[in-house]
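**Q** File name run-v9.txt; file contents compact mmCIF, C-alpha atoms; full text below.
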```txt
# COMPACT_ATOMS: atom_id res chain seq x y z
CA MET A 1 76.22 105.71 73.50
CA ILE A 2 79.95 105.53 72.81
CA VAL A 3 82.14 108.43 73.83
CA CYS A 4 85.79 109.10 74.48
CA LEU A 5 86.61 110.35 77.97
CA CYS A 6 90.07 111.36 76.72
CA ALA A 7 91.62 108.76 79.00
CA LEU A 8 94.24 107.52 76.61
CA ALA A 9 97.45 109.50 76.98
CA ARG A 10 99.45 110.17 73.87
CA GLY A 11 103.00 108.88 73.85
CA GLN A 12 102.40 106.11 76.37
CA GLU A 13 104.00 102.82 75.42
CA VAL A 14 102.70 99.34 76.14
CA LYS A 15 105.25 97.53 78.32
CA THR A 16 105.40 93.75 78.11
CA TYR A 17 107.41 90.99 79.77
CA THR A 18 107.29 87.21 79.57
CA TYR A 19 109.07 84.55 81.60
CA PRO A 20 110.34 82.17 80.46
CA ASP A 21 111.42 83.79 77.23
CA GLY A 22 111.80 82.01 73.91
CA GLY A 23 115.23 80.67 74.79
CA HIS A 24 114.13 78.87 77.92
CA GLN A 25 111.07 76.73 77.50
CA SER A 26 109.58 73.97 79.63
CA SER A 27 106.62 71.65 79.21
CA LYS A 28 106.06 71.24 82.94
CA PRO A 29 102.81 72.32 84.59
CA ALA A 30 103.24 75.81 86.01
CA HIS A 31 101.71 78.53 88.14
CA LEU A 32 100.70 81.52 86.03
CA PHE A 33 101.22 85.08 87.25
CA ILE A 34 99.70 87.91 85.20
CA LEU A 35 100.87 91.46 85.92
CA SER A 36 98.87 94.31 84.46
CA GLY A 37 97.76 97.90 85.04
CA GLN A 38 98.87 101.44 84.32
CA SER A 39 102.06 103.43 84.92
CA ASN A 40 103.32 101.97 88.19
CA MET A 41 102.97 98.48 86.74
CA ALA A 42 104.49 99.65 83.46
CA ARG A 43 107.54 100.93 85.35
CA LEU A 44 107.93 97.72 87.35
CA ASP A 45 110.56 95.32 85.99
CA PRO A 46 109.40 91.82 87.05
CA ALA A 47 112.91 90.44 86.46
CA VAL A 48 114.28 92.51 89.36
CA SER A 49 112.23 91.08 92.21
CA PHE A 50 108.87 89.56 91.26
CA THR A 51 110.00 86.69 89.04
CA PRO A 52 113.05 85.74 91.16
CA THR A 53 110.81 85.55 94.23
CA VAL A 54 108.10 83.32 92.76
CA ALA A 55 110.71 81.21 90.92
CA ALA A 56 112.66 80.66 94.14
CA HIS A 57 109.51 79.49 95.89
CA PHE A 58 107.92 77.28 93.22
CA GLY A 59 110.92 76.46 91.00
CA GLN A 60 112.31 78.16 87.91
CA ASP A 61 110.53 75.76 85.54
CA ASP A 62 107.29 75.87 87.51
CA VAL A 63 106.24 79.49 86.96
CA ILE A 64 105.07 81.59 84.04
CA VAL A 65 105.09 85.37 84.43
CA VAL A 66 103.41 87.66 81.90
CA LYS A 67 103.16 91.45 82.12
CA LEU A 68 101.35 93.95 79.95
CA ALA A 69 100.89 97.50 81.21
CA LYS A 70 100.43 101.00 79.86
CA GLY A 71 100.53 104.33 81.66
CA SER A 72 97.52 106.63 82.15
CA GLN A 73 94.92 103.99 81.27
CA PRO A 74 91.42 103.52 82.75
CA ILE A 75 90.11 100.09 83.74
CA SER A 76 87.81 100.26 80.71
CA GLN A 77 90.87 99.24 78.67
CA TRP A 78 90.61 95.84 80.36
CA ASP A 79 86.84 95.56 80.92
CA ARG A 80 84.98 94.59 77.75
CA GLU A 81 81.59 95.52 79.20
CA TRP A 82 82.56 98.71 81.04
CA LEU A 83 79.93 101.37 81.61
CA SER A 84 80.91 104.71 83.12
CA ALA A 85 79.26 106.29 86.14
CA GLN A 86 77.59 108.60 83.63
CA GLY A 87 76.18 105.69 81.61
CA THR A 88 78.60 106.00 78.70
CA ARG A 89 81.04 103.61 77.07
CA MET A 90 84.49 103.91 75.50
CA SER A 91 84.99 103.24 71.81
CA ASP A 92 88.05 101.03 72.49
CA GLN A 93 87.20 99.43 75.80
CA GLY A 94 88.83 96.06 76.38
CA ALA A 95 91.62 96.82 73.90
CA LEU A 96 94.51 96.27 76.33
CA TYR A 97 92.86 93.15 77.70
CA GLU A 98 92.80 91.60 74.23
CA GLN A 99 96.54 92.24 73.92
CA LEU A 100 97.09 90.81 77.38
CA ILE A 101 95.13 87.61 76.87
CA SER A 102 96.89 87.04 73.54
CA LEU A 103 100.26 87.32 75.30
CA VAL A 104 99.11 84.97 78.05
CA ARG A 105 97.87 82.36 75.60
CA SER A 106 101.17 82.44 73.77
CA ALA A 107 103.14 82.06 77.01
CA THR A 108 101.03 79.13 78.25
CA GLU A 109 100.71 77.25 74.97
CA GLY A 110 101.31 73.53 75.48
CA ARG A 111 101.51 73.78 79.29
CA LYS A 112 99.06 72.90 82.03
CA VAL A 113 98.28 75.86 84.27
CA LEU A 114 98.15 74.93 87.94
CA SER A 115 96.96 78.29 89.25
CA VAL A 116 96.25 81.78 87.93
CA THR A 117 97.06 84.95 89.85
CA LEU A 118 96.49 88.47 88.60
CA ALA A 119 98.69 91.18 90.12
CA TRP A 120 96.88 94.45 89.46
CA MET A 121 98.23 98.00 89.81
CA GLN A 122 95.68 100.43 88.42
CA GLY A 123 93.04 102.88 89.56
CA GLU A 124 94.76 106.26 89.47
CA ASN A 125 93.07 107.17 86.20
CA ASP A 126 89.61 106.12 87.37
CA ALA A 127 90.01 107.95 90.68
CA ASN A 128 91.04 111.11 88.82
CA ARG A 129 87.99 110.84 86.57
CA ASN A 130 85.44 110.12 89.30
CA GLN A 131 84.75 106.56 88.18
CA VAL A 132 85.16 104.93 91.59
CA SER A 133 81.48 104.01 91.83
CA VAL A 134 81.74 101.60 88.88
CA TYR A 135 85.20 100.24 89.66
CA ARG A 136 84.10 97.23 91.73
CA GLY A 137 81.97 95.90 88.91
CA ALA A 138 84.86 96.30 86.49
CA LEU A 139 87.14 94.28 88.77
CA ASP A 140 84.54 91.52 88.94
CA ARG A 141 84.22 91.42 85.17
CA LEU A 142 87.98 91.45 84.62
CA GLN A 143 88.38 88.35 86.76
CA SER A 144 85.41 86.68 85.07
CA GLN A 145 86.99 87.34 81.68
CA LEU A 146 90.17 85.57 82.78
CA VAL A 147 88.24 82.64 84.20
CA GLU A 148 86.39 82.19 80.92
CA ASP A 149 89.25 82.87 78.52
CA LEU A 150 91.76 80.68 80.38
CA SER A 151 89.21 77.98 81.24
CA HIS A 152 90.38 78.11 84.83
CA GLU A 153 87.90 77.91 87.67
CA ASP A 154 89.61 80.32 90.06
CA VAL A 155 91.71 83.46 89.60
CA ASN A 156 93.59 84.92 92.55
CA LEU A 157 93.90 88.70 92.72
CA VAL A 158 96.60 90.86 94.31
CA ILE A 159 95.90 94.59 94.19
CA GLY A 160 98.53 97.25 94.64
CA ARG A 161 96.52 99.79 96.61
CA LEU A 162 96.84 103.38 95.42
CA SER A 163 99.54 105.24 97.34
CA ASP A 164 98.98 108.29 99.52
CA ALA A 165 100.06 110.60 96.67
CA LYS A 166 96.86 112.63 96.44
CA SER A 167 95.42 112.05 99.88
CA ASN A 168 96.65 115.31 101.42
CA GLU A 169 94.31 118.06 102.57
CA GLY A 170 93.57 120.56 99.85
CA ASN A 171 94.20 118.22 96.92
CA PRO A 172 91.24 118.48 94.52
CA ARG A 173 91.37 114.72 93.91
CA ARG A 174 91.54 113.80 97.60
CA GLU A 175 87.98 112.55 98.05
CA SER A 176 87.91 110.22 95.04
CA TRP A 177 91.51 109.12 95.72
CA LEU A 178 90.69 108.08 99.28
CA ALA A 179 87.50 106.39 98.06
CA MET A 180 89.49 104.31 95.57
CA ARG A 181 92.03 103.31 98.23
CA ALA A 182 89.22 102.22 100.54
CA LEU A 183 87.46 100.30 97.77
CA GLN A 184 90.61 98.45 96.74
CA GLN A 185 91.37 97.44 100.32
CA GLU A 186 87.81 96.38 101.15
CA TYR A 187 87.45 94.48 97.88
CA SER A 188 90.69 92.60 98.51
CA GLU A 189 89.73 91.70 102.06
CA SER A 190 86.30 90.41 101.04
CA SER A 191 87.62 87.14 99.60
CA ASP A 192 90.21 84.54 100.61
CA SER A 193 91.46 84.52 97.00
CA ARG A 194 92.40 88.21 97.10
CA ALA A 195 95.02 90.36 98.79
CA TRP A 196 96.36 93.90 98.66
CA VAL A 197 99.80 95.40 99.17
CA ASN A 198 100.72 98.76 100.61
CA THR A 199 102.53 101.32 98.45
CA ASP A 200 102.46 104.34 100.77
CA ASP A 201 106.17 104.09 101.57
CA LEU A 202 107.34 103.53 97.99
CA ASN A 203 106.78 107.01 96.55
CA ASN A 204 108.76 109.20 98.93
CA MET A 205 110.45 111.63 96.55
CA THR A 206 112.44 114.82 97.01
CA ASP A 207 111.28 117.86 95.08
CA ARG A 208 114.04 118.85 92.65
CA GLU A 209 113.35 122.56 93.00
CA THR A 210 112.71 122.94 96.73
CA GLY A 211 114.51 119.90 98.13
CA GLU A 212 111.42 119.20 100.21
CA PRO A 213 109.96 115.69 100.60
CA ARG A 214 106.80 114.91 98.67
CA ASN A 215 104.65 111.88 97.89
CA ASP A 216 104.72 111.32 94.13
CA VAL A 217 102.26 109.25 92.10
CA HIS A 218 105.21 107.13 90.95
CA TYR A 219 107.76 105.26 93.02
CA THR A 220 111.49 105.43 93.58
CA GLN A 221 113.82 102.87 92.03
CA ASP A 222 114.04 101.04 95.35
CA GLY A 223 110.29 101.44 95.66
CA TYR A 224 109.66 99.43 92.50
CA ARG A 225 111.98 96.69 93.72
CA THR A 226 110.07 96.50 96.98
CA PHE A 227 106.75 96.66 95.16
CA GLY A 228 107.64 93.63 93.04
CA GLN A 229 108.72 91.73 96.15
CA ARG A 230 105.47 92.52 97.94
CA LEU A 231 103.33 91.50 94.99
CA ALA A 232 105.22 88.22 94.72
CA GLU A 233 104.95 87.42 98.41
CA ALA A 234 101.21 88.12 98.45
CA ALA A 235 100.72 86.02 95.30
CA ILE A 236 102.70 83.12 96.79
CA ALA A 237 100.55 83.19 99.93
CA LEU A 238 97.36 82.97 97.87
CA VAL A 239 98.64 80.10 95.74
CA ASP A 240 99.94 78.20 98.75
CA ALA A 241 96.56 78.57 100.44
CA GLU A 242 95.00 76.71 97.49
CA GLN A 243 97.23 73.69 97.88
```
Mind turning this structure into structure tokens?

**A**
Amino acid sequence: MIVCLCALARGQEVKTYTYPDGGHQSSKPAHLFILSGQSNMARLDPAVSFTPTVAAHFGQDDVIVVKLAKGSQPISQWDREWLSAQGTRMSDQGALYEQLISLVRSATEGRKVLSVTLAWMQGENDANRNQVSVYRGALDRLQSQLVEDLSHEDVNLVIGRLSDAKSNEGNPRRESWLAMRALQQEYSESSDSRAWVNTDDLNNMTDRETGEPRNDVHYTQDGYRTFGQRLAEAAIALVDAEQ
């Protein structure tokens, strides 16, 4: 059965980024970093902190960074074989993944890929829609898709764990939100090729009306800079461990 869970938000724009761009090409073997997910990845500018960090470590001509992200999206947009907790499918599942893999293939054309690392910031949508129970399987399949499509034996994974935005007492999404946070952390810690980064301190906003502090779903400007740095450092550690 194919149904729409109304997970695709109108007006959301696909955000992409590629390094190096068309004006700076190299034929050297390189480490590939793929950034993808929903709104907090869409709002992240890799050029601010992620790319400079990995380029400084490995060399400017020795890294390829590709990002494709879109706000308010479920993991079914990346998982071709996704099946909901209710036993249903989406009519367009895997659609964002197809765009992503096309972008990656274009960015890596003619170059040997030394390592592949996926930096993943997603899960808010699935937590909100009570799809936590099928999320682990989707993560497994997403990595398997990359292994097959890139003909690369191993894919490292860095997960940006959901922030504490909806973890407060009385929030109707608290239970599923905390379950997703726990799943992402446990999943990351279950393999030497995975890691997670904390985002709890990146979303400390001030309410415009009351002036009171609050934990938003999205991050501050400085928060995104720090987020990119943390993703890069975790990715570097995983790649270095392979050497």

**Q** Neighbours of region 50-56 of chain A within 7 Å (all atoms listed in the file; same-chain residues fewer than 2 positions away dropped), as an MDAnalysis selection string?

**A** chainID A and resid 46:48 58:60 63 65 228:229 231:232 236

**Q** Which residue is closest to Ser39 (chain A)? Choose from A:Ser115, A:Gln99, A:Ser167, A:Gln12 and count all atoms listed in the file.

**A** A:Gln12

**Q** Between A:Gln185, A:Gln145, A:Ser133, A:Thr16, which one has atoms that come closest to Asp79 (chain A), using all atoms listed in the file?

**A**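 Under the stated criterion, the closest residue is A:Gln145.
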
**Q** Between A:Tyr135, A:Phe33, A:Trp196, A:Trp177, which residue has the minimum interatomic distance to Ser84 (chain A), considering only C-alpha atoms?

**A** A:Tyr135

**Q** Let me know the centre plus edge lengths, in Å and rounded to one decimal, of a box with edges along x, y and z that contains all listed atoms of region 63-66 of chain A and is padded by 4 Å on every side, as AutoDock Vina command-line options.

**A**
```
--center_x 104.8 --center_y 83.6 --center_z 84.4 --size_x 10.8 --size_y 16.2 --size_z 13.1
```

**Q** Can you tell me which residues surround Leu32 (chain A) at a distance of at most 10 Å, considering only C-alpha atoms, apart from same-chain residues fewer than 4 positions away, and format the answer as a PDB file with C-alpha atoms, keeping the file's coordinate frame?

**A**
```pdb
ATOM      1  CA  TYR A  19     109.070  84.550  81.600  1.00  0.00           C
ATOM      2  CA  ASP A  62     107.290  75.870  87.510  1.00  0.00           C
ATOM      3  CA  VAL A  63     106.240  79.490  86.960  1.00  0.00           C
ATOM      4  CA  ILE A  64     105.070  81.590  84.040  1.00  0.00           C
ATOM      5  CA  VAL A  65     105.090  85.370  84.430  1.00  0.00           C
ATOM      6  CA  VAL A  66     103.410  87.660  81.900  1.00  0.00           C
ATOM      7  CA  VAL A 104      99.110  84.970  78.050  1.00  0.00           C
ATOM      8  CA  ALA A 107     103.140  82.060  77.010  1.00  0.00           C
ATOM      9  CA  THR A 108     101.030  79.130  78.250  1.00  0.00           C
ATOM     10  CA  LYS A 112      99.060  72.900  82.030  1.00  0.00           C
ATOM     11  CA  VAL A 113      98.280  75.860  84.270  1.00  0.00           C
ATOM     12  CA  LEU A 114      98.150  74.930  87.940  1.00  0.00           C
ATOM     13  CA  SER A 115      96.960  78.290  89.250  1.00  0.00           C
ATOM     14  CA  VAL A 116      96.250  81.780  87.930  1.00  0.00           C
ATOM     15  CA  THR A 117      97.060  84.950  89.850  1.00  0.00           C
ATOM     16  CA  LEU A 118      96.490  88.470  88.600  1.00  0.00           C
ATOM     17  CA  VAL A 155      91.710  83.460  89.600  1.00  0.00           C
TER      18      VAL A 155
END
```

**Q** Do a neighbour search on Glu81 (chain A) at 9 Å with all atoms listed in the file, toss out local chain neighbours closer than 2 positions, and write the hits as a ChimeraX atom specification.

**A** /A:76,79,83,89,93-94,138,141

**Q** Would you mind listing, for every residue of region 109-185 of chain A within 8 Å of region 202-219 of chain A, the two atoms forming the shortest contact and the distance between them in Å to one decimal, using only C-alpha atoms, sorted by chain and ascending residue number, as JSON lines?

**A**
```
{"residue": "A:Ser163", "atom": "CA", "partner": "A:Val217", "partner_atom": "CA", "distance": 7.1}
{"residue": "A:Asp164", "atom": "CA", "partner": "A:Asn215", "partner_atom": "CA", "distance": 6.9}
{"residue": "A:Ala165", "atom": "CA", "partner": "A:Asn215", "partner_atom": "CA", "distance": 4.9}
{"residue": "A:Lys166", "atom": "CA", "partner": "A:Val217", "partner_atom": "CA", "distance": 7.7}
```

**Q** Work out how far apart CA of Trp120 (chain A) and CA of Gly160 (chain A) are and give it in Å to one decimal.

**A**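 Between these atoms lies a distance of 6.1 Å.
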
**Q** Which neighbours of Glu189 (chain A) fall inside 12 Å, counting only C-alpha atoms, when residues of the same chain fewer than 5 positions from it are skipped, and could you give them as a ChimeraX atom specification?

**A** /A:157-159,161,182-184,194-197

**Q** Counting all atoms listed in the file, figure out which residue out of A:Val132, A:Ala237, A:Ile101, A:Leu68 gets nearest to Leu146 (chain A).

**A**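 Ranked by minimum distance to Leu146 (chain A), first place goes to A:Ile101.
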
**Q** Using all atoms listed in the file, which of the listed residues (A:Gln221, A:Asp92, A:Arg111, A:Gln73) sits closest to His31 (chain A)?

**A**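 Going through A:Gln221, A:Asp92, A:Arg111, A:Gln73 one by one, the smallest distance to His31 (chain A) is for A:Arg111.
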
**Q** Choose the residue, out of A:Leu35, A:Asn156, A:Thr220, A:Leu162, that has the smallest atom-to-atom separation from Ala241 (chain A); count all atoms listed in the file.

**A**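 Closest candidate: A:Asn156.
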